[in-house]
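Colleague: Have a look at the structure that comes next, please.
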Amino acid sequence: MMLHIPQVLTAEQVAHCRAVFDSATWEDGRSTAGHQSAQVKRNEQLPEGSREARELGDLVLAGLERSPLFISAVLPQRVFPPLFNRYGPGMTFGSHVDNAIRPVPGTPLRVRTDVSATLFLSDPESYDGGELVVEDTYGDHSVKLPAGDLIIYPSSSLHHVTPVTRGVRLASFFWVQSLVRDVSQRALLFDLDTSIIQLNKEVPKSPALVMLTGVYHNLLRQWSES
Ligand code: NI
């Protein structure tokens with residue numbers, strides 16, 4: 001399931017991120033890549049665990065917590081501390097699948113990557129290329145969103161970032177371990193939750209809503225790990 005989650009960060013927060021980026025030190029993006037992806041990854045990152053990455057990462061995490069759409073679609077159990085990357089002209093990231101398990105630096109924790117996320121931080125008009133392309137059985141899906149918006153997609157999918165040909169593409173990226181590991185079960189719960197929210201507006205007093213809400217929680221109880 002791919003889903004666009006608008007306005008995880010406000011315009012002011014995006015501007016703050018860019019101001020921090022201007023004075024930060026960037027390193028080769030291959031520092032966090034696995035063996036295969038290192039061969040196709042050509043970009044720059046804020047060093048993992050740097051003061052800037054931690055501060056801006058906390059801003060992103062707070063934005064996720066305020067998003068009912070993100071919570072409903074992802075059912076997050078554990079979120080990897082957000083990282084930040086920069087693609088200048090000629091930079092690209094070839095086709096790859098994200099590493100399945102990510103140790104969280106400085107902790108004994110590991111995140112199983114069920115959901116991958118990219119939060120766009122540059123205005124789409126300010127650069128050419130730099131589309132995130134997710135390849136699935138229905139074909140290629142090309143994504144380029146307004147600054148502050150998030151796309152989530154299955155970590156199991158092949159995906160790539162097309163070469164930037166003008167300007168600079170700034171983004172945050174991270175992974176989430178979901179309470180519900182199976183992507184099709186997670187999609188069913190999201191559809192059910194979305195329908196319940198809609199029915200709550202249209203027929204708020206319907207006794208069927210009590211039953212449907214119960215079904216949602218009883219499925220979540222069966223399918224979740226914690
Ligand atoms: Ni990736």
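In the structure tokens, chains take the letters A, B, ... in the order shown, each chain's residues start at 1, and ligands count up from 1 in the order shown.
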When the cut-off is 10 Å and you count only C-alpha atoms and all ligand atoms, which residues lie near ligand 1, shown as a count of residues only?
Modeller: 25
Colleague: Write out as JSON, numbers by chain the residues lying within 12 Å of A:Glu12, counting only C-alpha atoms and excluding same-chain residues fewer than 3 positions away.
Modeller: {"A": [7, 8, 9, 15, 16, 17, 18, 19, 59, 121, 147, 148]}
Colleague: With a cut-off of 10 Å, could you pull out the residues of stretch 129-188 of chain A touching stretch 197-221 of chain A and give me the nearest pair of atoms for each, distance in Å to one decimal, using only C-alpha atoms, ordered by chain and ascending number, as a tab-separated table?
Modeller:
```
residue	atom	partner	partner_atom	distance
A:Leu179	CA	A:Leu220	CA	8.7
A:Val180	CA	A:Leu220	CA	7.8
A:Gln185	CA	A:Leu219	CA	9.0
A:Arg186	CA	A:Leu220	CA	9.0
A:Leu188	CA	A:Tyr216	CA	9.5
```
Colleague: Mind dumping the selected residues with all heavy atoms as an mmCIF file, in the first residue's frame?
Modeller:
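This went into part-v7.cif:
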```cif
data_model
loop_
_atom_site.group_PDB
_atom_site.id
_atom_site.type_symbol
_atom_site.label_atom_id
_atom_site.label_comp_id
_atom_site.auth_asym_id
_atom_site.auth_seq_id
_atom_site.Cartn_x
_atom_site.Cartn_y
_atom_site.Cartn_z
ATOM 1 N N LEU A 179 2.771 -2.832 14.101
ATOM 2 C CA LEU A 179 2.166 -3.827 14.986
ATOM 3 C C LEU A 179 1.637 -5.007 14.183
ATOM 4 O O LEU A 179 1.523 -6.119 14.685
ATOM 5 C CB LEU A 179 0.998 -3.200 15.757
ATOM 6 C CG LEU A 179 1.347 -2.236 16.876
ATOM 7 C CD1 LEU A 179 0.139 -1.397 17.242
ATOM 8 C CD2 LEU A 179 1.852 -3.007 18.087
ATOM 9 N N VAL A 180 1.277 -4.731 12.909
ATOM 10 C CA VAL A 180 0.730 -5.765 12.029
ATOM 11 C C VAL A 180 1.718 -5.971 10.883
ATOM 12 O O VAL A 180 1.852 -5.135 10.002
ATOM 13 C CB VAL A 180 -0.665 -5.357 11.506
ATOM 14 C CG1 VAL A 180 -1.198 -6.383 10.525
ATOM 15 C CG2 VAL A 180 -1.627 -5.189 12.676
ATOM 16 N N GLN A 185 -3.112 -7.632 5.701
ATOM 17 C CA GLN A 185 -3.910 -7.468 6.926
ATOM 18 C C GLN A 185 -3.940 -5.996 7.353
ATOM 19 O O GLN A 185 -4.985 -5.459 7.748
ATOM 20 C CB GLN A 185 -3.330 -8.318 8.057
ATOM 21 C CG GLN A 185 -3.501 -9.814 7.834
ATOM 22 C CD GLN A 185 -2.846 -10.652 8.919
ATOM 23 O OE1 GLN A 185 -1.906 -10.210 9.568
ATOM 24 N NE2 GLN A 185 -3.310 -11.876 9.084
ATOM 25 N N ARG A 186 -2.774 -5.341 7.236
ATOM 26 C CA ARG A 186 -2.693 -3.923 7.610
ATOM 27 C C ARG A 186 -3.597 -3.081 6.708
ATOM 28 O O ARG A 186 -4.281 -2.167 7.165
ATOM 29 C CB ARG A 186 -1.241 -3.459 7.509
ATOM 30 C CG ARG A 186 -0.902 -2.286 8.408
ATOM 31 C CD ARG A 186 0.523 -1.822 8.219
ATOM 32 N NE ARG A 186 1.476 -2.896 8.198
ATOM 33 C CZ ARG A 186 2.358 -3.099 7.204
ATOM 34 N NH1 ARG A 186 2.405 -2.287 6.169
ATOM 35 N NH2 ARG A 186 3.198 -4.096 7.258
ATOM 36 N N LEU A 188 -6.338 -4.110 5.185
ATOM 37 C CA LEU A 188 -7.741 -4.366 5.547
ATOM 38 C C LEU A 188 -8.143 -3.551 6.772
ATOM 39 O O LEU A 188 -9.237 -2.955 6.813
ATOM 40 C CB LEU A 188 -7.945 -5.855 5.846
ATOM 41 C CG LEU A 188 -8.038 -6.795 4.644
ATOM 42 C CD1 LEU A 188 -8.038 -8.249 5.111
ATOM 43 C CD2 LEU A 188 -9.289 -6.502 3.838
#
```
Colleague: Quick one: residues within 12 Å of A:Leu56, only C-alpha atoms counted, chain neighbours fewer than 3 positions away excluded, as a PyMOL selection string?
Modeller: chain A and resi 9+13-21+24+46+48-53+59-63+81-84+119+121+171-173
Colleague: Taking only stretch 17-220 of chain A into account, list the residues labelled strand (DSSP E) by DSSP (computed from the backbone), as a PDB file with C-alpha atoms, in the first residue's frame.
Modeller:
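Result file follows (result-v7.pdb):
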```
ATOM      1  CA  GLU A  27      28.543  12.896   4.437  1.00  0.00           C
ATOM      2  CA  ASP A  28      28.422  10.250   1.716  1.00  0.00           C
ATOM      3  CA  LYS A  41      23.438   4.972  -3.990  1.00  0.00           C
ATOM      4  CA  ARG A  42      24.828   8.399  -4.902  1.00  0.00           C
ATOM      5  CA  GLU A  44      24.572  12.824   0.774  1.00  0.00           C
ATOM      6  CA  GLN A  45      23.215  12.447   4.311  1.00  0.00           C
ATOM      7  CA  PRO A  76       3.447   1.901  14.224  1.00  0.00           C
ATOM      8  CA  GLN A  77       5.174  -0.190  16.837  1.00  0.00           C
ATOM      9  CA  ARG A  78       8.652   1.284  16.464  1.00  0.00           C
ATOM     10  CA  VAL A  79       9.924   4.122  14.258  1.00  0.00           C
ATOM     11  CA  LEU A  83      17.533  10.358   8.614  1.00  0.00           C
ATOM     12  CA  PHE A  84      17.997  13.210   6.135  1.00  0.00           C
ATOM     13  CA  ASN A  85      19.410  13.196   2.636  1.00  0.00           C
ATOM     14  CA  ARG A  86      20.362  15.602  -0.135  1.00  0.00           C
ATOM     15  CA  TYR A  87      20.573  14.990  -3.869  1.00  0.00           C
ATOM     16  CA  THR A  92      20.576   9.329  -7.788  1.00  0.00           C
ATOM     17  CA  PHE A  93      19.698   6.116  -5.965  1.00  0.00           C
ATOM     18  CA  GLY A  94      19.294   3.053  -8.191  1.00  0.00           C
ATOM     19  CA  SER A  95      16.811   0.237  -7.768  1.00  0.00           C
ATOM     20  CA  HIS A  96      17.002  -1.591  -4.420  1.00  0.00           C
ATOM     21  CA  ILE A 101      16.461  -5.187   9.905  1.00  0.00           C
ATOM     22  CA  ARG A 102      17.895  -1.857  11.111  1.00  0.00           C
ATOM     23  CA  PRO A 103      19.728  -1.695  14.443  1.00  0.00           C
ATOM     24  CA  ARG A 110      16.221  -3.277  16.138  1.00  0.00           C
ATOM     25  CA  VAL A 111      13.525  -2.179  13.714  1.00  0.00           C
ATOM     26  CA  ARG A 112      12.068  -4.665  11.241  1.00  0.00           C
ATOM     27  CA  VAL A 115       6.959   0.397   5.993  1.00  0.00           C
ATOM     28  CA  SER A 116       9.353   2.827   4.289  1.00  0.00           C
ATOM     29  CA  ALA A 117       8.707   6.566   4.421  1.00  0.00           C
ATOM     30  CA  THR A 118       9.997   9.598   2.548  1.00  0.00           C
ATOM     31  CA  LEU A 119       9.161  13.113   3.748  1.00  0.00           C
ATOM     32  CA  PHE A 120       9.793  15.688   1.029  1.00  0.00           C
ATOM     33  CA  LEU A 132      10.799   8.438  -5.906  1.00  0.00           C
ATOM     34  CA  VAL A 133       9.687   5.527  -8.097  1.00  0.00           C
ATOM     35  CA  VAL A 134       8.116   2.506  -6.397  1.00  0.00           C
ATOM     36  CA  GLU A 135       7.947  -0.574  -8.588  1.00  0.00           C
ATOM     37  CA  ASP A 136       5.127  -3.013  -7.873  1.00  0.00           C
ATOM     38  CA  GLY A 139       3.677  -0.962 -12.566  1.00  0.00           C
ATOM     39  CA  ASP A 140       5.886   1.963 -11.574  1.00  0.00           C
ATOM     40  CA  HIS A 141       4.537   4.709  -9.310  1.00  0.00           C
ATOM     41  CA  SER A 142       6.392   8.002  -9.506  1.00  0.00           C
ATOM     42  CA  VAL A 143       6.140  10.335  -6.507  1.00  0.00           C
ATOM     43  CA  LEU A 150       5.028  12.191   3.376  1.00  0.00           C
ATOM     44  CA  ILE A 151       4.743   9.079   1.214  1.00  0.00           C
ATOM     45  CA  ILE A 152       4.655   5.619   2.772  1.00  0.00           C
ATOM     46  CA  TYR A 153       5.234   2.413   0.798  1.00  0.00           C
ATOM     47  CA  PRO A 154       6.067  -1.229   1.517  1.00  0.00           C
ATOM     48  CA  LEU A 158      11.876  -2.365  -5.274  1.00  0.00           C
ATOM     49  CA  HIS A 159      12.260   1.412  -5.525  1.00  0.00           C
ATOM     50  CA  HIS A 160      14.652   4.062  -6.803  1.00  0.00           C
ATOM     51  CA  VAL A 161      15.203   7.818  -6.961  1.00  0.00           C
ATOM     52  CA  ARG A 169      16.232  17.545  -3.474  1.00  0.00           C
ATOM     53  CA  LEU A 170      16.091  17.463   0.336  1.00  0.00           C
ATOM     54  CA  ALA A 171      14.178  14.764   2.206  1.00  0.00           C
ATOM     55  CA  SER A 172      13.832  12.837   5.415  1.00  0.00           C
ATOM     56  CA  PHE A 173      13.559   9.059   5.247  1.00  0.00           C
ATOM     57  CA  PHE A 174      12.930   6.355   7.828  1.00  0.00           C
ATOM     58  CA  TRP A 175      11.376   2.974   8.417  1.00  0.00           C
ATOM     59  CA  VAL A 176       8.620   1.694  10.659  1.00  0.00           C
ATOM     60  CA  GLN A 177       8.001  -1.661  12.285  1.00  0.00           C
ATOM     61  CA  SER A 178       4.252  -2.107  12.326  1.00  0.00           C
TER      62      SER A 178
END
```
Colleague: Identify which of the residues A:Asp149, A:Asp22, A:Asp114, A:Glu125 lies closest to A:Ala73, counting only C-alpha atoms when measuring atom-to-atom distances.
Modeller: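 That would be A:Asp114, the residue with the smallest distance to A:Ala73.
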